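Undergrad: Next comes upload-v3.cif, mmCIF, C-alpha atoms:
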data_start
#
loop_
_atom_site.group_PDB
_atom_site.id
_atom_site.type_symbol
_atom_site.label_atom_id
_atom_site.label_comp_id
_atom_site.auth_asym_id
_atom_site.auth_seq_id
_atom_site.Cartn_x
_atom_site.Cartn_y
_atom_site.Cartn_z
ATOM 1 C CA PHE A 1 -5.971 -25.448 11.687
ATOM 2 C CA ALA A 2 -6.576 -27.949 8.877
ATOM 3 C CA LEU A 3 -9.787 -26.259 7.721
ATOM 4 C CA SER A 4 -8.077 -22.872 7.731
ATOM 5 C CA MET A 5 -5.212 -24.291 5.675
ATOM 6 C CA GLY A 6 -7.689 -25.777 3.192
ATOM 7 C CA THR A 7 -9.492 -22.466 2.976
ATOM 8 C CA SER A 8 -6.207 -20.662 2.370
ATOM 9 C CA ILE A 9 -5.208 -23.014 -0.450
ATOM 10 C CA THR A 10 -8.566 -22.777 -2.245
ATOM 11 C CA SER A 11 -8.810 -18.999 -1.812
ATOM 12 C CA PHE A 12 -5.330 -18.372 -3.187
ATOM 13 C CA THR A 13 -6.086 -20.726 -6.078
ATOM 14 C CA ALA A 14 -9.143 -18.590 -6.872
ATOM 15 C CA GLN A 15 -7.223 -15.340 -6.509
ATOM 16 C CA THR A 16 -4.380 -16.480 -8.752
ATOM 17 C CA LEU A 17 -6.725 -17.908 -11.380
ATOM 18 C CA ALA A 18 -8.307 -14.479 -11.602
ATOM 19 C CA MET A 19 -5.189 -12.319 -11.321
ATOM 20 C CA VAL A 20 -3.238 -14.234 -13.959
ATOM 21 C CA SER A 21 -6.118 -14.440 -16.428
ATOM 22 C CA LEU A 22 -7.547 -10.920 -15.944
ATOM 23 C CA PRO A 23 -4.875 -9.069 -17.958
ATOM 24 C CA PHE A 24 -5.496 -11.432 -20.889
ATOM 25 C CA PHE A 25 -9.252 -11.004 -20.451
ATOM 26 C CA LEU A 26 -9.026 -7.209 -20.355
ATOM 27 C CA GLN A 27 -6.666 -7.002 -23.330
ATOM 28 C CA ASP A 28 -7.828 -9.789 -25.634
ATOM 29 C CA VAL A 29 -11.551 -9.956 -24.885
ATOM 30 C CA LEU A 30 -12.392 -6.379 -23.836
ATOM 31 C CA CYS A 31 -9.669 -4.671 -25.972
ATOM 32 C CA TYR A 32 -8.146 -2.392 -23.318
ATOM 33 C CA ASN A 33 -4.549 -1.232 -23.698
ATOM 34 C CA VAL A 34 -1.771 -2.041 -21.227
ATOM 35 C CA GLY A 35 -1.937 1.273 -19.354
ATOM 36 C CA GLU A 36 -5.701 1.032 -18.948
ATOM 37 C CA ILE A 37 -5.382 -2.550 -17.725
ATOM 38 C CA GLY A 38 -2.993 -1.462 -14.969
ATOM 39 C CA LEU A 39 -5.456 1.178 -13.827
ATOM 40 C CA LEU A 40 -8.407 -1.211 -14.019
ATOM 41 C CA LEU A 41 -6.618 -3.773 -11.829
ATOM 42 C CA THR A 42 -5.751 -1.160 -9.172
ATOM 43 C CA PRO A 43 -9.079 -1.164 -7.250
ATOM 44 C CA TRP A 44 -8.536 -4.807 -6.208
ATOM 45 C CA PRO A 45 -5.408 -4.292 -4.049
ATOM 46 C CA LEU A 46 -6.669 -0.920 -2.808
ATOM 47 C CA ALA A 47 -9.906 -2.487 -1.553
ATOM 48 C CA THR A 48 -7.912 -5.307 0.063
ATOM 49 C CA ILE A 49 -5.736 -2.755 1.856
ATOM 50 C CA LEU A 50 -8.833 -0.988 3.185
ATOM 51 C CA ALA A 51 -10.718 -4.161 4.161
ATOM 52 C CA ALA A 52 -7.912 -5.989 5.999
ATOM 53 C CA PRO A 53 -7.725 -3.643 9.034
ATOM 54 C CA LEU A 54 -11.520 -3.671 9.281
ATOM 55 C CA ALA A 55 -11.460 -7.469 9.278
ATOM 56 C CA GLY A 56 -8.792 -7.346 11.998
ATOM 57 C CA ARG A 57 -11.189 -5.426 14.216
ATOM 58 C CA LEU A 58 -14.144 -7.640 13.325
ATOM 59 C CA VAL A 59 -12.263 -10.848 14.177
ATOM 60 C CA GLU A 60 -12.373 -9.756 17.804
ATOM 61 C CA ARG A 61 -16.196 -9.742 17.712
ATOM 62 C CA PHE A 62 -17.205 -12.426 15.230
ATOM 63 C CA HIS A 63 -16.136 -16.006 14.566
ATOM 64 C CA PRO A 64 -13.300 -16.071 12.000
ATOM 65 C CA GLY A 65 -15.076 -18.855 10.093
ATOM 66 C CA LEU A 66 -18.069 -16.591 9.564
ATOM 67 C CA LEU A 67 -15.934 -13.617 8.513
ATOM 68 C CA GLY A 68 -13.944 -15.815 6.148
ATOM 69 C CA GLY A 69 -17.111 -17.293 4.668
ATOM 70 C CA VAL A 70 -18.662 -13.859 4.146
ATOM 71 C CA GLY A 71 -15.412 -12.550 2.657
ATOM 72 C CA MET A 72 -15.220 -15.444 0.217
ATOM 73 C CA LEU A 73 -18.881 -14.970 -0.749
ATOM 74 C CA VAL A 74 -18.208 -11.297 -1.519
ATOM 75 C CA PHE A 75 -15.063 -12.316 -3.424
ATOM 76 C CA ALA A 76 -17.023 -14.925 -5.423
ATOM 77 C CA CYS A 77 -19.704 -12.333 -6.235
ATOM 78 C CA GLY A 78 -17.014 -9.973 -7.530
ATOM 79 C CA LEU A 79 -15.462 -12.710 -9.662
ATOM 80 C CA PHE A 80 -18.838 -13.729 -11.057
ATOM 81 C CA ALA A 81 -19.648 -10.078 -11.779
ATOM 82 C CA LEU A 82 -16.424 -9.927 -13.827
ATOM 83 C CA TYR A 83 -17.417 -13.139 -15.598
ATOM 84 C CA VAL A 84 -20.776 -11.667 -16.684
ATOM 85 C CA LEU A 85 -19.429 -8.294 -17.819
ATOM 86 C CA PRO A 86 -21.206 -6.867 -20.869
ATOM 87 C CA PRO A 87 -19.272 -6.937 -24.184
ATOM 88 C CA HIS A 88 -18.032 -3.310 -24.123
ATOM 89 C CA PRO A 89 -18.018 -2.172 -20.484
ATOM 90 C CA GLU A 90 -16.985 1.259 -19.284
ATOM 91 C CA GLY A 91 -13.954 1.412 -17.002
ATOM 92 C CA TRP A 92 -16.056 2.183 -13.896
ATOM 93 C CA ASN A 93 -18.095 -0.959 -14.583
ATOM 94 C CA ILE A 94 -14.940 -3.046 -14.315
ATOM 95 C CA ALA A 95 -13.441 -1.047 -11.430
ATOM 96 C CA TRP A 96 -16.297 -1.643 -8.982
ATOM 97 C CA ARG A 97 -16.154 -5.371 -9.702
ATOM 98 C CA MET A 98 -12.404 -5.376 -9.024
ATOM 99 C CA ALA A 99 -12.999 -3.473 -5.791
ATOM 100 C CA LEU A 100 -15.620 -6.030 -4.755
ATOM 101 C CA CYS A 101 -13.070 -8.815 -5.283
ATOM 102 C CA GLY A 102 -10.500 -6.972 -3.200
ATOM 103 C CA LEU A 103 -13.000 -6.192 -0.456
ATOM 104 C CA GLY A 104 -14.009 -9.851 -0.184
ATOM 105 C CA PHE A 105 -10.438 -11.098 -0.170
ATOM 106 C CA GLY A 106 -9.445 -8.537 2.462
ATOM 107 C CA LEU A 107 -12.362 -9.558 4.680
ATOM 108 C CA PHE A 108 -11.294 -13.182 4.352
ATOM 109 C CA GLN A 109 -7.525 -13.097 4.669
ATOM 110 C CA THR A 110 -7.081 -11.449 8.077
ATOM 111 C CA PRO A 111 -9.477 -13.777 9.993
ATOM 112 C CA ASN A 112 -8.079 -16.826 8.217
ATOM 113 C CA ASN A 113 -4.464 -15.923 9.021
ATOM 114 C CA PHE A 114 -5.478 -15.121 12.606
ATOM 115 C CA THR A 115 -7.040 -18.579 12.938
ATOM 116 C CA ILE A 116 -4.029 -20.384 11.501
ATOM 117 C CA ILE A 117 -1.541 -18.639 13.782
ATOM 118 C CA SER A 118 -3.637 -18.661 16.957
ATOM 119 C CA SER A 119 -4.837 -22.253 16.654
ATOM 120 C CA ALA A 120 -1.289 -23.555 16.891
ATOM 121 C CA PRO A 121 0.389 -23.902 20.298
ATOM 122 C CA ALA A 122 2.756 -21.011 21.100
ATOM 123 C CA ARG A 123 5.807 -23.254 20.758
ATOM 124 C CA ARG A 124 4.671 -24.156 17.204
ATOM 125 C CA SER A 125 3.847 -20.630 16.010
ATOM 126 C CA GLY A 126 6.894 -20.582 13.731
ATOM 127 C CA GLY A 127 5.748 -23.799 12.081
ATOM 128 C CA ALA A 128 2.222 -22.435 11.730
ATOM 129 C CA SER A 129 3.608 -19.317 10.079
ATOM 130 C CA GLY A 130 5.599 -21.500 7.686
ATOM 131 C CA MET A 131 2.495 -23.505 6.864
ATOM 132 C CA LEU A 132 0.652 -20.251 6.170
ATOM 133 C CA GLY A 133 3.239 -19.324 3.554
ATOM 134 C CA THR A 134 3.223 -22.849 2.145
ATOM 135 C CA ALA A 135 -0.575 -22.831 1.744
ATOM 136 C CA ARG A 136 -0.446 -19.459 -0.014
ATOM 137 C CA LEU A 137 2.305 -20.569 -2.390
ATOM 138 C CA PHE A 138 0.648 -23.930 -3.067
ATOM 139 C CA GLY A 139 -2.669 -22.219 -3.894
ATOM 140 C CA GLN A 140 -0.911 -19.723 -6.157
ATOM 141 C CA THR A 141 0.933 -22.542 -7.911
ATOM 142 C CA VAL A 142 -2.278 -24.500 -8.477
ATOM 143 C CA GLY A 143 -4.031 -21.362 -9.767
ATOM 144 C CA THR A 144 -1.230 -20.495 -12.191
ATOM 145 C CA THR A 145 -1.002 -24.083 -13.404
ATOM 146 C CA LEU A 146 -4.754 -24.191 -14.017
ATOM 147 C CA VAL A 147 -4.591 -20.963 -16.055
ATOM 148 C CA ALA A 148 -1.788 -22.413 -18.198
ATOM 149 C CA LEU A 149 -3.689 -25.672 -18.682
ATOM 150 C CA ILE A 150 -6.961 -23.917 -19.535
ATOM 151 C CA LEU A 151 -5.273 -21.566 -22.008
ATOM 152 C CA ARG A 152 -3.670 -24.595 -23.638
ATOM 153 C CA LEU A 153 -6.933 -26.560 -23.890
ATOM 154 C CA PHE A 154 -9.380 -23.813 -24.870
ATOM 155 C CA VAL A 155 -9.531 -21.165 -27.539
ATOM 156 C CA HIS A 156 -7.806 -18.171 -25.923
ATOM 157 C CA ASP A 157 -10.834 -15.888 -25.454
ATOM 158 C CA GLU A 158 -12.984 -18.731 -24.124
ATOM 159 C CA GLY A 159 -10.154 -19.888 -21.863
ATOM 160 C CA VAL A 160 -9.676 -16.591 -20.067
ATOM 161 C CA VAL A 161 -13.423 -16.275 -19.488
ATOM 162 C CA PHE A 162 -13.535 -19.864 -18.186
ATOM 163 C CA CYS A 163 -10.703 -19.014 -15.763
ATOM 164 C CA LEU A 164 -12.945 -16.370 -14.160
ATOM 165 C CA LEU A 165 -15.761 -18.874 -13.801
ATOM 166 C CA LEU A 166 -13.421 -21.466 -12.296
ATOM 167 C CA ALA A 167 -12.031 -18.837 -9.909
ATOM 168 C CA THR A 168 -15.616 -18.174 -8.779
ATOM 169 C CA VAL A 169 -16.097 -21.883 -8.076
ATOM 170 C CA PHE A 170 -12.872 -22.037 -6.033
ATOM 171 C CA ALA A 171 -13.887 -18.925 -4.065
ATOM 172 C CA LEU A 172 -17.269 -20.494 -3.261
ATOM 173 C CA ALA A 173 -15.525 -23.705 -2.183
ATOM 174 C CA ALA A 174 -13.223 -21.672 0.078
ATOM 175 C CA GLY A 175 -16.276 -19.990 1.587
ATOM 176 C CA VAL A 176 -17.893 -23.336 2.320
ATOM 177 C CA VAL A 177 -14.720 -24.685 3.927
ATOM 178 C CA SER A 178 -14.414 -21.500 5.978
ATOM 179 C CA CYS A 179 -17.999 -21.865 7.229
ATOM 180 C CA LEU A 180 -17.247 -25.443 8.307
ATOM 181 C CA ARG A 181 -15.085 -23.871 11.022
ATOM 182 C CA LEU A 182 -18.211 -22.466 12.686
ATOM 183 C CA SER A 183 -18.746 -25.834 14.379
ATOM 184 C CA GLN A 184 -15.461 -25.350 16.236
ATOM 185 C CA PRO A 185 -14.724 -22.819 18.957
ATOM 186 C CA ALA A 186 -13.084 -19.602 17.825
ATOM 187 C CA PRO A 187 -9.384 -19.256 18.674
ATOM 188 C CA ASN A 188 -8.498 -17.171 21.731
ATOM 189 C CA ARG A 189 -9.245 -13.512 21.253
ATOM 190 C CA ARG A 190 -9.586 -10.444 23.434
ATOM 191 C CA ARG A 191 -12.943 -9.914 25.128
#
Reformat the file's structure so that it appears as structure tokens.
TA:
Amino acid sequence: FALSMGTSITSFTAQTLAMVSLPFFLQDVLCYNVGEIGLLLTPWPLATILAAPLAGRLVERFHPGLLGGVGMLVFACGLFALYVLPPHPEGWNIAWRMALCGLGFGLFQTPNNFTIISSAPARRSGGASGMLGTARLFGQTVGTTLVALILRLFVHDEGVVFCLLLATVFALAAGVVSCLRLSQPAPNRRR
């Protein structure tokens, strides 16, 4: 339970660092307009929507710590791919990176939530659900605060690029914490 909560906090910190800084990155660094930015961000949630049900099926066959670790690795690769974008990328070059981020996050979130809820005793499932929401909100708050701090301390263009790098680091940390769960038995699941 504790490792899953830690993974949730660090993953949502990474996600929020990226999602809050990406519009600034796309507009100020890559010079896209507002309408284009909305379209370029769309592959992320779409890929998450497609990956989450797949992860729900996979959690019945594989250890959630492994699925979460793989998901966070894919997410980190997508974030790093955004970080190393060429100076004047085509829209498709950004879109596949966004989709990779969404795919990784979708592969991570379902197994992690499953572990949090099913590792708590049945009589404490409401509390576990509350902790799930608290971890998500705490991670989002930390991510948003870090973006604000970085944009205050760095020159704007450098700051938004640094946010993507820092998001990659948080995603890798979440992957490591998720893999630490492999030493523990998987929560009850159907056979």
Undergrad: Given the point (-5.5, 0.5, -15.8) in the coordinates of this file, which residues lie within 12 Å, counting all atoms listed in the file, and how would they look as a CSV table (one decimal) with C-alpha atoms, in the coordinates of the input?
TA:
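For reference, point_16.csv as written:
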chain,number,residue,atom,x,y,z
A,22,LEU,CA,-7.5,-10.9,-15.9
A,23,PRO,CA,-4.9,-9.1,-18.0
A,26,LEU,CA,-9.0,-7.2,-20.4
A,27,GLN,CA,-6.7,-7.0,-23.3
A,32,TYR,CA,-8.1,-2.4,-23.3
A,33,ASN,CA,-4.5,-1.2,-23.7
A,34,VAL,CA,-1.8,-2.0,-21.2
A,35,GLY,CA,-1.9,1.3,-19.4
A,36,GLU,CA,-5.7,1.0,-18.9
A,37,ILE,CA,-5.4,-2.6,-17.7
A,38,GLY,CA,-3.0,-1.5,-15.0
A,39,LEU,CA,-5.5,1.2,-13.8
A,40,LEU,CA,-8.4,-1.2,-14.0
A,41,LEU,CA,-6.6,-3.8,-11.8
A,42,THR,CA,-5.8,-1.2,-9.2
A,43,PRO,CA,-9.1,-1.2,-7.2
A,44,TRP,CA,-8.5,-4.8,-6.2
A,91,GLY,CA,-14.0,1.4,-17.0
A,92,TRP,CA,-16.1,2.2,-13.9
A,94,ILE,CA,-14.9,-3.0,-14.3
A,95,ALA,CA,-13.4,-1.0,-11.4
A,98,MET,CA,-12.4,-5.4,-9.0
Undergrad: What does the distance from CA of Cys101 (chain A) to CA of Leu79 (chain A) come to in Å, to one decimal?
TA: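 We find that CA of Cys101 (chain A) and CA of Leu79 (chain A) lie 6.3 Å from each other.
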Undergrad: Do you have the CA of Leu3 (chain A)-CA of Ser178 (chain A) distance handy?
TA: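 If I compute the distance from CA of Leu3 (chain A) to CA of Ser178 (chain A), I get 6.9 Å.
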Undergrad: Run the PyMOL selection byres ((chain A and resi 82-86) around 9) mentally over the shown coordinates, then write out the matched residues as a PyMOL selection string, using the chain letters and numbers from the document.
TA: chain A and resi 77-81+87-89+93-94+97-98+161-165+168
Undergrad: For region 124-128 of chain A, please output as a PyMOL selection string all residues within 12 Å (counting all atoms listed in the file; exclusion window: fewer than 2 positions along the same chain).
TA: chain A and resi 1-2+4-5+113-122+130-135
Undergrad: Write out as a list in words each polymer residue whose atoms come within 8 Å of Gly102 (chain A), counting all atoms listed in the file; drop sequence neighbours fewer than 4 positions from it.
TA: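 Counting only the stated atoms, we get Pro43, Trp44, Pro45, Leu46, Ala47, Thr48, Ala51, Phe75, Met98 and Gly106 of chain A.
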Undergrad: Smallest atom-to-atom distance to Leu103 (chain A): which of A:Gln140, A:Leu151, A:Leu50, A:Glu60, using all atoms listed in the file?
TA: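 Selected residue with least distance to Leu103 (chain A): A:Leu50.
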Undergrad: Identify which of the residues A:Phe154, A:Trp96, A:Phe138, A:Phe105 lies closest to Leu73 (chain A), counting only C-alpha atoms when measuring atom-to-atom distances.
TA: A:Phe105
Undergrad: What gap, in Å, lies between CA of Val29 (chain A) and CA of Phe12 (chain A)?
TA: 24.1 Å
Undergrad: Between A:Gly175, A:Leu137, A:Pro111, A:Leu182, which residue has the minimum interatomic distance to Ile9 (chain A), considering all atoms listed in the file?
TA: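 Nearest to Ile9 (chain A): A:Leu137.
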Undergrad: Produce the centre coordinates and the three edge lengths, each in Å to one decimal, of the box along x, y and z that contains all listed atoms of region 55-71 of chain A with 4 Å added on each side, as AutoDock Vina command-line options.
TA:
--center_x -13.7 --center_y -12.1 --center_z 10.2 --size_x 17.9 --size_y 21.4 --size_z 23.1
Undergrad: Report as a count of residues only the full result of the PyMOL selection byres ((chain A and resi 180) around 12) when it is applied to this structure.
TA: 26
Undergrad: List the neighbours of Ala14 (chain A) out to 7 Å using only C-alpha atoms; skip same-chain residues closer than 4 positions along the sequence, and give me the result as number ranges by chain.
TA: A: 10, 18, 143, 167-168, 170-171
Undergrad: Can you spit out the residues from that selection as a JSON list (two decimals), in the frame of the given file, using C-alpha atoms?
TA:
[["chain", "number", "residue", "atom", "x", "y", "z"],
["A", 10, "THR", "CA", -8.57, -22.78, -2.24],
["A", 18, "ALA", "CA", -8.31, -14.48, -11.60],
["A", 143, "GLY", "CA", -4.03, -21.36, -9.77],
["A", 167, "ALA", "CA", -12.03, -18.84, -9.91],
["A", 168, "THR", "CA", -15.62, -18.17, -8.78],
["A", 170, "PHE", "CA", -12.87, -22.04, -6.03],
["A", 171, "ALA", "CA", -13.89, -18.92, -4.07]]
Undergrad: Using all atoms listed in the file, which of the listed residues (A:Val59, A:Leu30, A:Val70, A:Ala76) sits closest to Val169 (chain A)?
TA: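 Checking each of A:Val59, A:Leu30, A:Val70, A:Ala76 against Val169 (chain A), counting all atoms listed in the file, the winner is A:Ala76.
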Undergrad: Identify, on the basis of only C-alpha atoms, every residue whose closest approach to Phe24 (chain A) does not exceed 9 Å; exclude the query and any residue fewer than 4 positions from it along the same chain; express the result as a ChimeraX atom specification.
TA: /A:20,28-29,156-157,160
